[in-house]
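Trainee: Below you'll find coords-v9.cif; it's mmCIF, C-alpha atoms.
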data_start
#
loop_
_atom_site.label_atom_id
_atom_site.label_comp_id
_atom_site.auth_asym_id
_atom_site.auth_seq_id
_atom_site.Cartn_x
_atom_site.Cartn_y
_atom_site.Cartn_z
CA MET A 29 66.26 -4.30 -19.96
CA HIS A 30 64.36 -1.87 -17.73
CA ARG A 31 66.49 -0.75 -14.81
CA THR A 32 63.65 -1.63 -12.41
CA SER A 33 63.53 -5.19 -13.74
CA ARG A 34 67.19 -5.84 -12.97
CA PRO A 35 66.61 -7.06 -9.38
CA ALA A 36 64.00 -9.54 -10.64
CA THR A 37 66.27 -11.14 -13.21
CA ALA A 38 69.18 -11.12 -10.77
CA ARG A 39 67.02 -12.84 -8.17
CA ALA A 40 65.88 -15.48 -10.66
CA ALA A 41 69.43 -16.17 -11.85
CA GLY A 42 70.70 -16.28 -8.27
CA LEU A 43 68.08 -18.82 -7.23
CA LEU A 44 69.01 -21.10 -10.12
CA LEU A 45 72.74 -20.76 -9.46
CA GLY A 46 72.18 -21.42 -5.75
CA PHE A 47 70.25 -24.56 -6.62
CA ALA A 48 73.08 -25.71 -8.88
CA ALA A 49 75.59 -25.08 -6.08
CA ASP A 50 73.49 -27.15 -3.68
CA ARG A 51 73.33 -30.04 -6.17
CA VAL A 52 77.13 -29.95 -6.59
CA PHE A 53 78.36 -29.12 -3.08
CA ALA A 54 75.37 -29.95 -0.80
CA ASP A 55 75.50 -28.26 2.62
CA PRO A 56 78.64 -26.39 3.69
CA ALA A 57 80.81 -28.87 5.60
CA ARG A 58 82.02 -26.25 8.10
CA TRP A 59 80.73 -22.94 9.38
CA HIS A 60 77.20 -23.70 8.25
CA PRO A 61 75.13 -20.54 8.84
CA VAL A 62 72.03 -22.56 9.76
CA ALA A 63 74.01 -24.36 12.46
CA GLY A 64 75.23 -20.99 13.70
CA PHE A 65 71.66 -19.74 13.84
CA GLY A 66 70.69 -22.85 15.79
CA ARG A 67 73.40 -22.20 18.38
CA THR A 68 72.24 -18.60 18.69
CA ALA A 69 68.64 -19.75 19.16
CA MET A 70 69.69 -22.21 21.88
CA ALA A 71 71.60 -19.50 23.72
CA LEU A 72 68.67 -17.08 23.50
CA GLU A 73 66.24 -19.76 24.69
CA LYS A 74 68.08 -19.88 28.02
CA VAL A 75 67.04 -16.25 28.49
CA THR A 76 63.60 -16.16 26.90
CA TYR A 77 62.19 -19.54 27.92
CA ARG A 78 59.03 -19.50 29.97
CA ASP A 79 56.18 -21.98 29.83
CA SER A 80 53.97 -19.49 28.02
CA ARG A 81 52.96 -18.53 24.51
CA SER A 82 53.96 -14.91 25.00
CA ALA A 83 57.54 -15.93 25.76
CA GLY A 84 57.55 -18.08 22.62
CA ILE A 85 56.25 -15.18 20.54
CA LEU A 86 59.09 -12.98 21.82
CA HIS A 87 61.63 -15.73 21.06
CA VAL A 88 60.43 -16.05 17.47
CA ALA A 89 60.14 -12.29 16.94
CA VAL A 90 63.71 -11.61 18.05
CA LEU A 91 65.29 -14.39 16.00
CA VAL A 92 63.20 -14.03 12.85
CA GLY A 93 63.48 -10.25 13.02
CA GLY A 94 67.24 -10.60 13.33
CA ALA A 95 67.32 -12.89 10.29
CA ALA A 96 65.28 -10.36 8.31
CA GLY A 97 67.68 -7.58 9.30
CA LEU A 98 70.68 -9.62 8.19
CA GLY A 99 68.92 -10.32 4.90
CA VAL A 100 68.29 -6.62 4.27
CA ALA A 101 71.93 -5.81 5.06
CA ALA A 102 73.17 -8.60 2.78
CA THR A 103 70.95 -7.32 -0.04
CA ARG A 104 72.36 -3.81 0.25
CA ILE A 105 75.91 -5.12 0.16
CA ALA A 106 75.17 -7.34 -2.85
CA ARG A 107 73.61 -4.45 -4.80
CA ARG A 108 76.82 -2.48 -4.55
CA GLY A 109 78.23 -4.93 -7.07
CA GLY A 110 75.52 -4.19 -9.62
CA TRP A 111 73.69 -6.99 -11.41
CA PRO A 112 76.53 -9.53 -10.98
CA GLY A 113 76.70 -8.72 -7.28
CA GLU A 114 72.96 -9.25 -6.84
CA VAL A 115 73.16 -12.58 -8.66
CA ALA A 116 76.12 -13.73 -6.59
CA GLY A 117 74.58 -12.60 -3.31
CA THR A 118 71.30 -14.38 -4.00
CA ALA A 119 73.13 -17.50 -5.17
CA VAL A 120 75.25 -17.72 -2.02
CA ALA A 121 72.23 -17.11 0.22
CA THR A 122 70.21 -19.73 -1.65
CA TRP A 123 72.98 -22.30 -1.37
CA ALA A 124 73.39 -21.56 2.33
CA VAL A 125 69.74 -22.16 3.19
CA LEU A 126 68.96 -25.11 0.89
CA GLY A 127 69.21 -28.61 2.28
CA GLY A 128 67.70 -30.69 -0.48
CA THR A 129 70.82 -32.46 -1.70
CA SER A 130 71.95 -33.41 1.79
CA LEU A 131 68.41 -34.66 2.45
CA GLY A 132 68.58 -36.91 -0.59
CA ARG A 133 72.02 -38.24 0.31
CA THR A 134 70.83 -39.06 3.82
CA GLY A 135 67.82 -40.87 2.39
CA SER A 136 70.06 -42.89 0.08
CA SER A 137 72.39 -43.74 2.96
CA MET A 138 69.43 -44.97 4.99
CA ALA A 139 68.31 -47.15 2.08
CA ALA A 140 71.79 -48.68 1.86
CA HIS A 141 71.87 -49.42 5.61
CA LEU A 142 68.43 -51.03 5.57
CA GLU A 143 69.09 -53.07 2.45
CA ALA A 144 72.26 -54.35 4.16
CA ASP A 145 70.20 -55.10 7.30
CA ASP A 146 72.48 -52.80 9.32
CA LEU A 147 69.91 -51.61 11.86
CA ALA A 148 72.51 -50.08 14.17
CA ALA A 149 73.73 -47.72 11.46
CA ALA A 150 70.17 -46.98 10.35
CA ARG A 151 69.07 -46.10 13.89
CA ALA A 152 72.12 -43.90 14.37
CA LEU A 153 71.28 -42.01 11.16
CA LEU A 154 67.58 -41.42 11.82
CA PRO A 155 67.95 -38.46 14.25
CA SER A 156 69.47 -36.42 11.42
CA LEU A 157 66.13 -36.73 9.63
CA CYS A 158 63.44 -36.55 12.31
CA GLY A 159 62.70 -36.59 16.02
CA ARG A 160 61.36 -40.14 16.31
CA ASP A 161 62.74 -42.68 18.76
CA PRO A 162 64.92 -44.99 16.61
CA SER A 163 65.47 -47.53 19.38
CA VAL A 164 61.92 -48.87 19.04
CA LEU A 165 61.90 -49.04 15.23
CA GLY A 166 62.67 -52.02 13.03
CA VAL A 167 63.15 -52.06 9.26
CA ASP A 168 59.53 -51.16 8.51
CA GLY A 169 59.44 -48.30 11.00
CA LEU A 170 62.77 -46.88 9.92
CA THR A 171 61.75 -47.06 6.29
CA ARG A 172 58.46 -45.25 6.88
CA ALA A 173 60.05 -42.62 9.12
CA THR A 174 62.71 -41.88 6.52
CA LEU A 175 60.30 -41.75 3.62
CA GLU A 176 57.92 -39.43 5.46
CA SER A 177 60.83 -37.19 6.43
CA VAL A 178 62.13 -37.05 2.86
CA ALA A 179 58.66 -36.14 1.60
CA GLU A 180 58.02 -33.45 4.21
CA ASN A 181 61.53 -32.01 4.14
CA THR A 182 61.50 -31.72 0.36
CA SER A 183 59.06 -28.90 1.03
CA ASP A 184 60.81 -27.59 4.16
CA SER A 185 64.43 -27.88 3.00
CA ALA A 186 64.04 -26.74 -0.58
CA VAL A 187 60.67 -25.73 -2.00
CA GLY A 188 59.84 -23.29 0.80
CA ALA A 189 63.19 -21.55 0.43
CA PHE A 190 62.69 -21.21 -3.32
CA VAL A 191 59.22 -19.72 -2.93
CA TRP A 192 60.18 -17.13 -0.34
CA GLY A 193 63.45 -16.36 -2.09
CA ALA A 194 61.43 -15.60 -5.24
CA VAL A 195 58.96 -13.40 -3.37
CA ALA A 196 61.31 -11.55 -1.01
CA GLY A 197 64.88 -12.17 -2.13
CA ILE A 198 67.68 -12.68 0.39
CA PRO A 199 65.56 -11.51 3.36
CA GLY A 200 62.90 -14.05 2.35
CA LEU A 201 65.49 -16.82 2.22
CA PHE A 202 66.87 -15.94 5.65
CA VAL A 203 63.46 -15.50 7.29
CA TYR A 204 62.18 -18.78 5.90
CA ARG A 205 65.18 -20.82 7.02
CA ALA A 206 65.20 -19.18 10.46
CA SER A 207 61.49 -19.91 10.89
CA ASN A 208 61.82 -23.50 9.73
CA THR A 209 64.80 -24.08 12.01
CA LEU A 210 62.94 -22.70 15.01
CA ASP A 211 60.00 -24.98 14.30
CA ALA A 212 62.37 -27.96 14.20
CA MET A 213 63.90 -26.90 17.52
CA VAL A 214 60.89 -25.97 19.64
CA GLY A 215 57.73 -26.60 17.61
CA TYR A 216 56.80 -29.80 19.45
CA ARG A 217 53.75 -30.84 21.44
CA SER A 218 55.97 -31.99 24.30
CA PRO A 219 55.29 -30.73 27.85
CA LYS A 220 58.28 -28.37 27.65
CA TYR A 221 57.40 -26.80 24.32
CA ARG A 222 53.61 -27.09 24.07
CA ASN A 223 53.24 -23.40 24.96
CA PHE A 224 56.69 -21.94 24.28
CA GLY A 225 56.90 -23.57 20.85
CA TRP A 226 53.36 -22.64 19.78
CA ALA A 227 54.37 -19.45 17.96
CA ALA A 228 57.22 -21.13 16.09
CA ALA A 229 54.96 -23.94 14.93
CA ARG A 230 52.09 -21.69 13.85
CA TRP A 231 54.37 -19.21 12.07
CA ASP A 232 56.05 -22.05 10.21
CA ASP A 233 52.61 -23.36 9.21
CA VAL A 234 51.74 -19.99 7.67
CA LEU A 235 55.00 -19.71 5.73
CA ASN A 236 54.62 -23.22 4.32
CA LEU A 237 51.02 -23.01 3.11
CA LEU A 238 52.05 -22.17 -0.47
CA PRO A 239 55.31 -24.19 -0.61
CA ALA A 240 53.62 -27.38 0.58
CA ARG A 241 50.97 -27.10 -2.11
CA LEU A 242 53.58 -26.42 -4.77
CA THR A 243 55.38 -29.53 -3.50
CA GLY A 244 52.16 -31.51 -3.87
CA ALA A 245 51.55 -30.23 -7.38
CA LEU A 246 55.10 -31.01 -8.48
CA SER A 247 54.85 -34.48 -6.93
CA VAL A 248 51.77 -35.11 -9.06
CA VAL A 249 53.59 -33.96 -12.19
CA ALA A 250 56.78 -35.90 -11.36
CA ALA A 251 55.04 -39.19 -10.46
CA PRO A 252 55.83 -40.88 -13.82
CA ALA A 253 59.55 -40.27 -13.22
CA VAL A 254 59.44 -42.81 -10.36
CA GLY A 255 57.03 -45.24 -12.04
CA GLY A 256 53.99 -43.73 -10.37
CA SER A 257 50.66 -42.33 -11.44
CA PRO A 258 49.75 -38.62 -11.39
CA ASN A 259 46.14 -39.64 -10.84
CA GLU A 260 47.07 -41.66 -7.75
CA ALA A 261 49.17 -38.80 -6.39
CA TRP A 262 46.33 -36.33 -6.91
CA ALA A 263 43.76 -38.71 -5.41
CA ALA A 264 45.87 -39.34 -2.29
CA TRP A 265 46.38 -35.60 -1.83
CA ARG A 266 42.68 -34.82 -2.09
CA ARG A 267 41.51 -37.79 -0.05
CA ASP A 268 44.09 -38.03 2.74
CA ALA A 269 46.08 -34.83 3.26
CA SER A 270 43.45 -33.07 5.38
CA GLN A 271 43.48 -35.92 7.91
CA HIS A 272 47.08 -35.20 8.87
CA PRO A 273 47.59 -33.03 11.99
CA SER A 274 49.83 -30.67 10.00
CA PRO A 275 48.13 -28.60 7.26
CA ASN A 276 51.32 -28.76 5.22
CA ALA A 277 53.11 -32.03 5.97
CA GLY A 278 49.92 -33.88 5.05
CA VAL A 279 50.00 -32.44 1.54
CA ALA A 280 53.67 -33.29 0.94
CA GLU A 281 53.42 -36.79 2.42
CA ALA A 282 50.08 -37.76 0.86
CA SER A 283 51.06 -36.66 -2.64
CA ALA A 284 54.39 -38.47 -2.33
CA ALA A 285 52.67 -41.63 -1.10
CA GLY A 286 50.31 -41.54 -4.07
CA ALA A 287 53.14 -40.84 -6.53
CA LEU A 288 55.14 -43.79 -5.16
CA GLY A 289 52.12 -46.11 -4.93
CA ILE A 290 52.59 -46.79 -1.21
CA SER A 291 50.91 -45.92 2.08
CA LEU A 292 52.31 -43.90 4.95
CA GLY A 293 51.12 -43.07 8.46
CA GLY A 294 50.18 -45.14 11.50
CA ARG A 295 51.75 -45.43 14.94
CA THR A 296 54.48 -42.80 15.27
CA GLU A 297 56.79 -42.74 18.29
CA TYR A 298 58.53 -39.55 19.33
CA ALA A 299 60.71 -38.85 22.33
CA HIS A 300 57.78 -36.99 23.91
CA GLY A 301 55.16 -39.68 23.25
CA VAL A 302 53.20 -41.70 20.71
CA GLU A 303 50.93 -40.26 18.00
CA MET A 304 48.56 -42.22 15.79
CA ARG A 305 48.84 -40.75 12.32
CA PRO A 306 46.20 -41.23 9.59
CA VAL A 307 46.96 -43.51 6.65
CA LEU A 308 48.10 -41.59 3.58
CA GLY A 309 47.92 -43.32 0.21
CA SER A 310 46.32 -46.62 -0.71
CA GLY A 311 49.27 -48.87 -1.60
CA PRO A 312 51.38 -51.29 0.46
CA SER A 313 53.74 -50.23 3.21
CA PRO A 314 57.05 -48.89 1.87
CA LEU A 315 60.12 -51.08 1.50
CA PRO A 316 63.76 -49.94 1.67
CA VAL A 317 63.92 -49.97 -2.13
CA ASP A 318 61.18 -47.31 -2.14
CA LEU A 319 63.55 -44.91 -0.40
CA ASP A 320 65.66 -44.61 -3.54
CA ARG A 321 62.50 -43.83 -5.50
CA ALA A 322 61.53 -41.23 -2.90
CA VAL A 323 64.94 -39.58 -3.26
CA ARG A 324 64.49 -39.42 -7.04
CA LEU A 325 61.02 -37.94 -6.59
CA SER A 326 62.42 -35.36 -4.18
CA ALA A 327 65.14 -34.37 -6.67
CA ALA A 328 62.56 -33.97 -9.44
CA VAL A 329 60.34 -31.83 -7.23
CA GLN A 330 63.29 -29.65 -6.21
CA GLY A 331 64.30 -29.11 -9.82
CA GLY A 332 60.75 -28.17 -10.74
CA ALA A 333 60.53 -25.81 -7.79
CA ALA A 334 63.77 -24.07 -8.83
CA LEU A 335 62.34 -23.36 -12.29
CA VAL A 336 58.99 -22.22 -10.91
CA SER A 337 60.70 -19.95 -8.40
CA ALA A 338 62.79 -18.30 -11.12
CA ALA A 339 59.64 -17.59 -13.12
CA LEU A 340 57.90 -16.34 -9.98
CA ALA A 341 60.79 -13.99 -9.19
CA VAL A 342 60.53 -12.42 -12.63
CA ALA A 343 56.74 -12.16 -12.35
CA VAL A 344 56.95 -10.50 -8.93
CA GLY A 345 59.54 -8.06 -10.26
CA GLN A 346 57.41 -7.14 -13.25
CA LEU A 347 54.37 -6.64 -11.03
CA ARG A 348 56.31 -4.24 -8.82
CA PHE A 349 57.59 -2.39 -11.88
CA ARG A 350 54.07 -1.89 -13.24
CA ARG A 351 52.77 -0.65 -9.89
CA ARG A 352 55.57 1.89 -9.47
CA PRO A 353 54.23 5.42 -10.14
CA ARG A 354 55.48 7.15 -13.28
CA ARG A 355 57.69 10.19 -12.85
#
Could you render the structure as structure tokens?

Mentor:
Amino acid sequence: MHRTSRPATARAAGLLLGFAADRVFADPARWHPVAGFGRTAMALEKVTYRDSRSAGILHVAVLVGGAAGLGVAATRIARRGGWPGEVAGTAVATWAVLGGTSLGRTGSSMAAHLEADDLAAARALLPSLCGRDPSVLGVDGLTRATLESVAENTSDSAVGAFVWGAVAGIPGLFVYRASNTLDAMVGYRSPKYRNFGWAAARWDDVLNLLPARLTGALSVVAAPAVGGSPNEAWAAWRRDASQHPSPNAGVAEASAAGALGISLGGRTEYAHGVEMRPVLGSGPSPLPVDLDRAVRLSAAVQGGAALVSAALAVAVGQLRFRRRPRR
């Protein structure tokens, strides 16, 4: 093995081990680093908040820059342990930032509540998935909100982390999760955050351009695993994704809708107001039983993304090795 290829193989192995840890343990029950970052971001917002884009840019720069710095420091510490240390460091970082297994478990819990007609429990669970107003939603609305959240967050909670972990290692993992968390906290079109949250939302859009499209491609490939059609998933992606207000969520949601043979979109109620979303897919509205299929699709996409990211990490490492000047 070339010495210069060691970081690439360590990164690939660490991503796969981190994925395995997430499948077994899900999110850390206590002292979750993402929750700690969220508390830090809330505290900083009290200082940086102004109703302006420039203040939002500063807010994002400080927090994302801090995450990058922590990632660089963690990488240096991990490399002191040689190849095993690099693998272990990347695996722990990957596990810490992934949220795919917890996402799937929440989706399954929602399906169980809705199938039992326990709307109170379903409404109480919804805020852990998205920012919609659960009090105005019945079974149909709760089902659609959950399914759309599972589809979008498959990209946000897992695929994006894999992609940026493969490209940039531990710093990439930390920067991606910090950016995605900031978008979830302030990236809204509400009166309070329309200006301040602009930078967080746009930066998150940029980081997710590739992950969302990998999510779409893997949803097409995985469609038969949930009784769906790759052709329908591809058609829904091409036909409907661009109509969504998000350049990335539209891809993830449209391809999932096509893979599941359902339709998504329509009237969407948030705490800050109502949005009319375009229809994605050409099938019937989703039923609670479709949530279990969506969870299986999400798991298949995450597994595919883990394998692709490992290959990408090796490819990126080899490219850097070839570009390094000979001595």

Trainee: Running the PyMOL selection byres ((chain A and resi 124) around 9) on this model by hand, what would come out? Give it as a PDB file with C-alpha atoms, in the coordinates of the input.

Mentor:
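Here's the written file part-v7.pdb:
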ATOM      1  CA  GLY A  46      72.180 -21.420  -5.750  1.00  0.00           C
ATOM      2  CA  ASP A  50      73.490 -27.150  -3.680  1.00  0.00           C
ATOM      3  CA  ASP A  55      75.500 -28.260   2.620  1.00  0.00           C
ATOM      4  CA  PRO A  56      78.640 -26.390   3.690  1.00  0.00           C
ATOM      5  CA  HIS A  60      77.200 -23.700   8.250  1.00  0.00           C
ATOM      6  CA  PRO A  61      75.130 -20.540   8.840  1.00  0.00           C
ATOM      7  CA  VAL A  62      72.030 -22.560   9.760  1.00  0.00           C
ATOM      8  CA  ALA A 119      73.130 -17.500  -5.170  1.00  0.00           C
ATOM      9  CA  VAL A 120      75.250 -17.720  -2.020  1.00  0.00           C
ATOM     10  CA  ALA A 121      72.230 -17.110   0.220  1.00  0.00           C
ATOM     11  CA  THR A 122      70.210 -19.730  -1.650  1.00  0.00           C
ATOM     12  CA  TRP A 123      72.980 -22.300  -1.370  1.00  0.00           C
ATOM     13  CA  VAL A 125      69.740 -22.160   3.190  1.00  0.00           C
ATOM     14  CA  LEU A 126      68.960 -25.110   0.890  1.00  0.00           C
ATOM     15  CA  GLY A 127      69.210 -28.610   2.280  1.00  0.00           C
TER      16      GLY A 127
END

Trainee: May I have the protein, DNA and RNA residues with an atom at most 12 Å from (62.4, -18.4, -4.2), counting only C-alpha atoms in the file's coordinates, returned as a VMD selection string?

Mentor: chain A and resid 36 38 to 47 118 to 119 121 to 123 125 to 126 186 to 205 238 to 239 242 330 332 to 344

Trainee: Determine the residue set returned by the PyMOL selection byres ((chain A and resi 280) around 10) for the present structure, and present it as an NGL selection string.

Mentor: :A and (176-184 or 239-247 or 265 or 269 or 275-279 or 281-285)

Trainee: What gap, in Å, lies between atom CA of A:Arg324 and atom CA of A:Leu235?

Mentor: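 So the answer is 25.3 Å.
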
Trainee: Grab all the atoms of stretch 281-294 of chain A that the file lists, wrap them in a box along x, y and z, add 4 Å per side, and give me centre plus edge lengths in Å (one decimal) as lines of an AutoDock Vina configuration file.

Mentor:
center_x = 52.6
center_y = -41.7
center_z = 2.5
size_x = 13.1
size_y = 18.1
size_z = 26.0

Trainee: Nearest to A:Ser218: which of A:Asp79, A:Ser257, A:Met138, A:Arg67 is it, counting all atoms listed in the file?

Mentor: A:Asp79

Trainee: Nearest residue to A:Ala57 out of A:Ser130, A:Val75, A:Ala102, A:Glu303, using all atoms listed in the file?

Mentor: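 Of all the options, A:Ser130 lies closest to A:Ala57.
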
Trainee: I'd like the contact shell of A:Trp226 - 8 Å cut-off, all atoms listed in the file, skipping same-chain residues fewer than 3 positions apart - returned as a ChimeraX atom specification.

Mentor: /A:81,84,215-216,221-223,229-230

Trainee: Model the absent atoms of stretch 273-304 of chain A so that N, CA and C atoms are present, and write the result as a CSV table (one decimal), in the coordinates of the input.

Mentor:
chain,number,residue,atom,x,y,z
A,273,PRO,N,47.6,-34.1,11.0
A,273,PRO,CA,47.6,-33.0,12.0
A,273,PRO,C,48.3,-31.8,11.5
A,274,SER,N,49.2,-31.9,10.6
A,274,SER,CA,49.8,-30.7,10.0
A,274,SER,C,49.1,-30.3,8.7
A,275,PRO,N,48.8,-29.0,8.5
A,275,PRO,CA,48.1,-28.6,7.3
A,275,PRO,C,49.1,-28.7,6.1
A,276,ASN,N,50.4,-28.8,6.3
A,276,ASN,CA,51.3,-28.8,5.2
A,276,ASN,C,52.0,-30.1,5.0
A,277,ALA,N,52.5,-30.7,6.1
A,277,ALA,CA,53.1,-32.0,6.0
A,277,ALA,C,52.2,-33.0,5.3
A,278,GLY,N,50.9,-32.9,5.6
A,278,GLY,CA,49.9,-33.9,5.0
A,278,GLY,C,49.9,-33.8,3.5
A,279,VAL,N,50.0,-32.6,3.0
A,279,VAL,CA,50.0,-32.4,1.5
A,279,VAL,C,51.2,-33.1,0.9
A,280,ALA,N,52.4,-32.8,1.5
A,280,ALA,CA,53.7,-33.3,0.9
A,280,ALA,C,53.7,-34.8,1.1
A,281,GLU,N,53.3,-35.3,2.2
A,281,GLU,CA,53.4,-36.8,2.4
A,281,GLU,C,52.4,-37.6,1.6
A,282,ALA,N,51.1,-37.0,1.6
A,282,ALA,CA,50.1,-37.8,0.9
A,282,ALA,C,50.4,-37.8,-0.6
A,283,SER,N,50.8,-36.7,-1.2
A,283,SER,CA,51.1,-36.7,-2.6
A,283,SER,C,52.2,-37.6,-3.0
A,284,ALA,N,53.3,-37.6,-2.1
A,284,ALA,CA,54.4,-38.5,-2.3
A,284,ALA,C,54.0,-39.9,-2.2
A,285,ALA,N,53.1,-40.2,-1.2
A,285,ALA,CA,52.7,-41.6,-1.1
A,285,ALA,C,51.9,-42.1,-2.4
A,286,GLY,N,51.0,-41.2,-2.9
A,286,GLY,CA,50.3,-41.5,-4.1
A,286,GLY,C,51.2,-41.7,-5.3
A,287,ALA,N,52.2,-40.8,-5.4
A,287,ALA,CA,53.1,-40.8,-6.5
A,287,ALA,C,54.0,-42.1,-6.5
A,288,LEU,N,54.3,-42.6,-5.3
A,288,LEU,CA,55.1,-43.8,-5.2
A,288,LEU,C,54.3,-45.1,-5.1
A,289,GLY,N,53.0,-44.9,-5.0
A,289,GLY,CA,52.1,-46.1,-4.9
A,289,GLY,C,52.2,-46.9,-3.6
A,290,ILE,N,52.4,-46.2,-2.5
A,290,ILE,CA,52.6,-46.8,-1.2
A,290,ILE,C,51.6,-46.1,-0.2
A,291,SER,N,51.7,-46.6,1.0
A,291,SER,CA,50.9,-45.9,2.1
A,291,SER,C,51.9,-45.5,3.2
A,292,LEU,N,51.5,-44.4,3.8
A,292,LEU,CA,52.3,-43.9,5.0
A,292,LEU,C,51.4,-43.7,6.1
A,293,GLY,N,51.9,-43.3,7.3
A,293,GLY,CA,51.1,-43.1,8.5
A,293,GLY,C,51.0,-44.3,9.4
A,294,GLY,N,50.3,-44.1,10.5
A,294,GLY,CA,50.2,-45.1,11.5
A,294,GLY,C,50.8,-44.7,12.8
A,295,ARG,N,51.2,-45.7,13.6
A,295,ARG,CA,51.8,-45.4,14.9
A,295,ARG,C,53.1,-44.8,14.8
A,296,THR,N,53.3,-43.6,15.4
A,296,THR,CA,54.5,-42.8,15.3
A,296,THR,C,55.0,-42.5,16.6
A,297,GLU,N,56.2,-42.9,17.0
A,297,GLU,CA,56.8,-42.7,18.3
A,297,GLU,C,57.9,-41.6,18.3
A,298,TYR,N,57.6,-40.6,19.1
A,298,TYR,CA,58.5,-39.6,19.3
A,298,TYR,C,59.1,-39.7,20.7
A,299,ALA,N,60.1,-38.8,21.0
A,299,ALA,CA,60.7,-38.8,22.3
A,299,ALA,C,59.7,-38.4,23.4
A,300,HIS,N,58.8,-37.5,23.0
A,300,HIS,CA,57.8,-37.0,23.9
A,300,HIS,C,56.5,-37.8,24.0
A,301,GLY,N,56.4,-38.9,23.2
A,301,GLY,CA,55.2,-39.7,23.2
A,301,GLY,C,54.8,-40.3,21.9
A,302,VAL,N,53.7,-41.0,21.9
A,302,VAL,CA,53.2,-41.7,20.7
A,302,VAL,C,52.0,-41.0,20.1
A,303,GLU,N,52.0,-40.8,18.7
A,303,GLU,CA,50.9,-40.3,18.0
A,303,GLU,C,50.4,-41.3,17.0
A,304,MET,N,49.1,-41.4,16.8
A,304,MET,CA,48.6,-42.2,15.8
A,304,MET,C,48.2,-41.4,14.6
